[in-house]
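Below is one structure, written out as structure tokens; comments come after it.
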Amino acid sequence: MPKHPTRYHTLVDLFALQDTEAPQPISHPDPIVDRLAKNPGQDLREAAVLLPITRHRPDRPSEIVLTVRSANLKSHAGQISLPGGTREPEDANAEATALRETTEEIGLDSELVQVIGRLGDLALPSGFHVTPVVGLIDAGLDFIAEPAEVADIFSAPLELVLDTAAYRSSYMTFENKPRKIIELVYEDYRIWGATAAILFHLAQIVDAHDKS
């Protein structure tokens with residue numbers, strides 16, 4: 001029997017009790033891709049993304065804000081993404097990177113974000129070491145897309161994103177071989193790759209916490 005009325009409340013409770021130790025790294029669904037990402041033969045570039053989650057209200061269930069990457073970008077063009085990017089020298093930590101990049105990409109003022117924690121890191125085959133940061137925001141905020149990086153901004157229901165049963169396995173070609181991926185479909189949006197791996201990991205730990 002779930003302990004909380006909504007997954008949002010479970011999530012908030014989880015991060016309120018989060019251990020001070022580093023959370024477990026996020027793994028790719030395909031073990032070969034996971035090994036390649038964690039052993040790329042080169043230094044990984046530090047990056048961070050923000051999971052902007054709207055606060056639950058009785059008349060408005062919680063959502064998570066996502067973006068569609070611009071078709072003109074060199075990597076992951078057109079894919080569904082979380083706002084974020086590469087760490088800059090002036091960034092004090094991953095939270096600072098995630099907040100700064102989110103402001104640049106979707107116009108969300110960092111002062112409107114309540115950071116409640118972070119997930120384990122995720123290594124990408126593209127050479128990035130990504131730290132997902134979880135933050136709460138009010139519902140109904142207006143966002144402004146930076147057209148050079150973001151083609152669209154949309155919100156998906158948090159209850160869907162945190163439902164492990166909503167995810168499915170599929171395959172894509174990577175290095176000329178089929179590789180297993182996790183994906184989540186919401187309306188016309190297909191969420192897969194690193195974003196789906198991060199969200200599925202969050203769904204798993206929220207689910208485990210709700211059942212503990």
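The way I read the labels, and the way they are meant: chains A, B, ... in the order of the structure tokens, residue 1 as the first residue of every chain, and ligand 1 as the first ligand shown, with later ones counted on from there.
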* Can you list, as a ChimeraX atom specification, every residue of range 96-186 of chain A that DSSP puts in alpha helix (DSSP H)? -> /A:96-106,158-161
* To do: Fewer than 6 positions away in the same chain doesn't count, so skip those; otherwise give me all residues within 8 Å of Pro29 in chain A, counting only C-alpha atoms, as a PyMOL selection string.
  => chain A and resi 180-182+197
Surrounding residues of range 61-68 of chain A excluding itself and chain neighbours under 2 positions, 8 Å, only C-alpha atoms, as an mmCIF file with N, CA and C atoms, in the first residue's frame:
```cif
data_model
loop_
_atom_site.group_PDB
_atom_site.id
_atom_site.type_symbol
_atom_site.label_atom_id
_atom_site.label_comp_id
_atom_site.auth_asym_id
_atom_site.auth_seq_id
_atom_site.Cartn_x
_atom_site.Cartn_y
_atom_site.Cartn_z
ATOM 1 N N TYR A 8 4.176 12.737 -6.124
ATOM 2 C CA TYR A 8 4.841 13.999 -5.790
ATOM 3 C C TYR A 8 5.209 14.018 -4.312
ATOM 4 N N LEU A 51 15.764 18.921 -13.170
ATOM 5 C CA LEU A 51 14.433 18.338 -13.263
ATOM 6 C C LEU A 51 13.473 19.331 -12.616
ATOM 7 N N PRO A 52 12.865 20.240 -13.398
ATOM 8 C CA PRO A 52 11.952 21.240 -12.818
ATOM 9 C C PRO A 52 10.566 20.615 -12.605
ATOM 10 N N ILE A 53 10.189 20.430 -11.364
ATOM 11 C CA ILE A 53 8.938 19.759 -11.009
ATOM 12 C C ILE A 53 7.995 20.759 -10.360
ATOM 13 N N THR A 54 6.791 20.878 -10.889
ATOM 14 C CA THR A 54 5.847 21.839 -10.320
ATOM 15 C C THR A 54 5.237 21.287 -9.034
ATOM 16 N N ARG A 55 5.016 22.179 -8.088
ATOM 17 C CA ARG A 55 4.437 21.783 -6.814
ATOM 18 C C ARG A 55 3.001 21.318 -7.007
ATOM 19 N N HIS A 56 2.663 20.265 -6.299
ATOM 20 C CA HIS A 56 1.308 19.701 -6.397
ATOM 21 C C HIS A 56 0.295 20.628 -5.734
ATOM 22 N N ARG A 57 -0.851 20.788 -6.406
ATOM 23 C CA ARG A 57 -1.982 21.512 -5.838
ATOM 24 C C ARG A 57 -3.223 20.651 -6.001
ATOM 25 N N PRO A 58 -4.195 20.781 -5.138
ATOM 26 C CA PRO A 58 -5.406 19.959 -5.258
ATOM 27 C C PRO A 58 -6.078 20.090 -6.624
ATOM 28 N N ASP A 59 -5.991 21.291 -7.218
ATOM 29 C CA ASP A 59 -6.639 21.521 -8.499
ATOM 30 C C ASP A 59 -5.684 21.393 -9.682
ATOM 31 N N SER A 70 16.837 21.876 -30.219
ATOM 32 C CA SER A 70 16.824 22.452 -31.562
ATOM 33 C C SER A 70 17.385 21.473 -32.587
ATOM 34 N N GLY A 78 16.877 17.561 -31.838
ATOM 35 C CA GLY A 78 15.487 17.143 -31.928
ATOM 36 C C GLY A 78 15.008 16.223 -30.824
ATOM 37 N N GLN A 79 15.879 15.815 -29.926
ATOM 38 C CA GLN A 79 15.488 14.889 -28.871
ATOM 39 C C GLN A 79 14.850 15.630 -27.690
ATOM 40 N N ILE A 80 14.092 14.860 -26.906
ATOM 41 C CA ILE A 80 13.523 15.398 -25.674
ATOM 42 C C ILE A 80 14.636 15.457 -24.631
ATOM 43 N N SER A 81 14.693 16.559 -23.915
ATOM 44 C CA SER A 81 15.796 16.754 -22.977
ATOM 45 C C SER A 81 15.317 17.458 -21.717
ATOM 46 N N LEU A 82 16.150 17.405 -20.702
ATOM 47 C CA LEU A 82 15.995 18.229 -19.510
ATOM 48 C C LEU A 82 16.869 19.459 -19.688
ATOM 49 N N PRO A 83 16.433 20.623 -19.227
ATOM 50 C CA PRO A 83 17.281 21.814 -19.381
ATOM 51 C C PRO A 83 18.595 21.640 -18.625
ATOM 52 N N ALA A 139 3.556 26.097 -10.252
ATOM 53 C CA ALA A 139 2.861 25.833 -11.509
ATOM 54 C C ALA A 139 2.480 27.161 -12.164
ATOM 55 N N VAL A 150 16.666 25.413 -27.957
ATOM 56 C CA VAL A 150 15.393 24.781 -27.606
ATOM 57 C C VAL A 150 14.335 25.080 -28.659
ATOM 58 N N ALA A 151 13.750 24.006 -29.205
ATOM 59 C CA ALA A 151 12.703 24.167 -30.209
ATOM 60 C C ALA A 151 11.317 24.241 -29.583
ATOM 61 N N ASP A 152 11.142 23.622 -28.406
ATOM 62 C CA ASP A 152 9.821 23.580 -27.778
ATOM 63 C C ASP A 152 9.999 23.304 -26.294
ATOM 64 N N ILE A 153 9.034 23.750 -25.497
ATOM 65 C CA ILE A 153 8.984 23.483 -24.064
ATOM 66 C C ILE A 153 7.612 22.898 -23.761
ATOM 67 N N PHE A 154 7.582 21.804 -23.016
ATOM 68 C CA PHE A 154 6.295 21.207 -22.653
ATOM 69 C C PHE A 154 6.401 20.583 -21.270
ATOM 70 N N SER A 155 5.260 20.218 -20.715
ATOM 71 C CA SER A 155 5.227 19.589 -19.394
ATOM 72 C C SER A 155 4.524 18.240 -19.493
ATOM 73 N N ALA A 156 5.067 17.253 -18.782
ATOM 74 C CA ALA A 156 4.466 15.918 -18.726
ATOM 75 C C ALA A 156 4.009 15.645 -17.303
ATOM 76 N N PRO A 157 2.919 14.908 -17.125
ATOM 77 C CA PRO A 157 2.421 14.627 -15.772
ATOM 78 C C PRO A 157 3.458 13.863 -14.939
ATOM 79 N N LEU A 158 3.709 14.330 -13.722
ATOM 80 C CA LEU A 158 4.687 13.663 -12.874
ATOM 81 C C LEU A 158 4.239 12.243 -12.535
ATOM 82 N N GLU A 159 2.942 12.037 -12.362
ATOM 83 C CA GLU A 159 2.444 10.691 -12.055
ATOM 84 C C GLU A 159 2.813 9.712 -13.159
#
```
* Can you list, as a list in words, every protein, DNA or RNA residue that comes within 8 Å of range 89-100 of chain A when you count only C-alpha atoms, leaving out same-chain residues fewer than 2 positions away? -> Ala47, Ala48, Val49, Leu50, Pro83, Gly84, Gly85, Thr86, Arg87, Thr102, Thr103, Glu104, Ser110, Val115, Thr131, Pro132 and Val133 of chain A
* **Among the residues A:Arg118, A:His209, A:Arg69, A:Arg60, the one that comes closest to Pro25 in chain A [using only C-alpha atoms]** =>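 The answer is A:Arg118, which sits nearest to Pro25 in chain A.
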* Between CA of Pro178 in chain A and CA of Ile205 in chain A, measure the distance and give it in Å to one decimal. => 27.7 Å
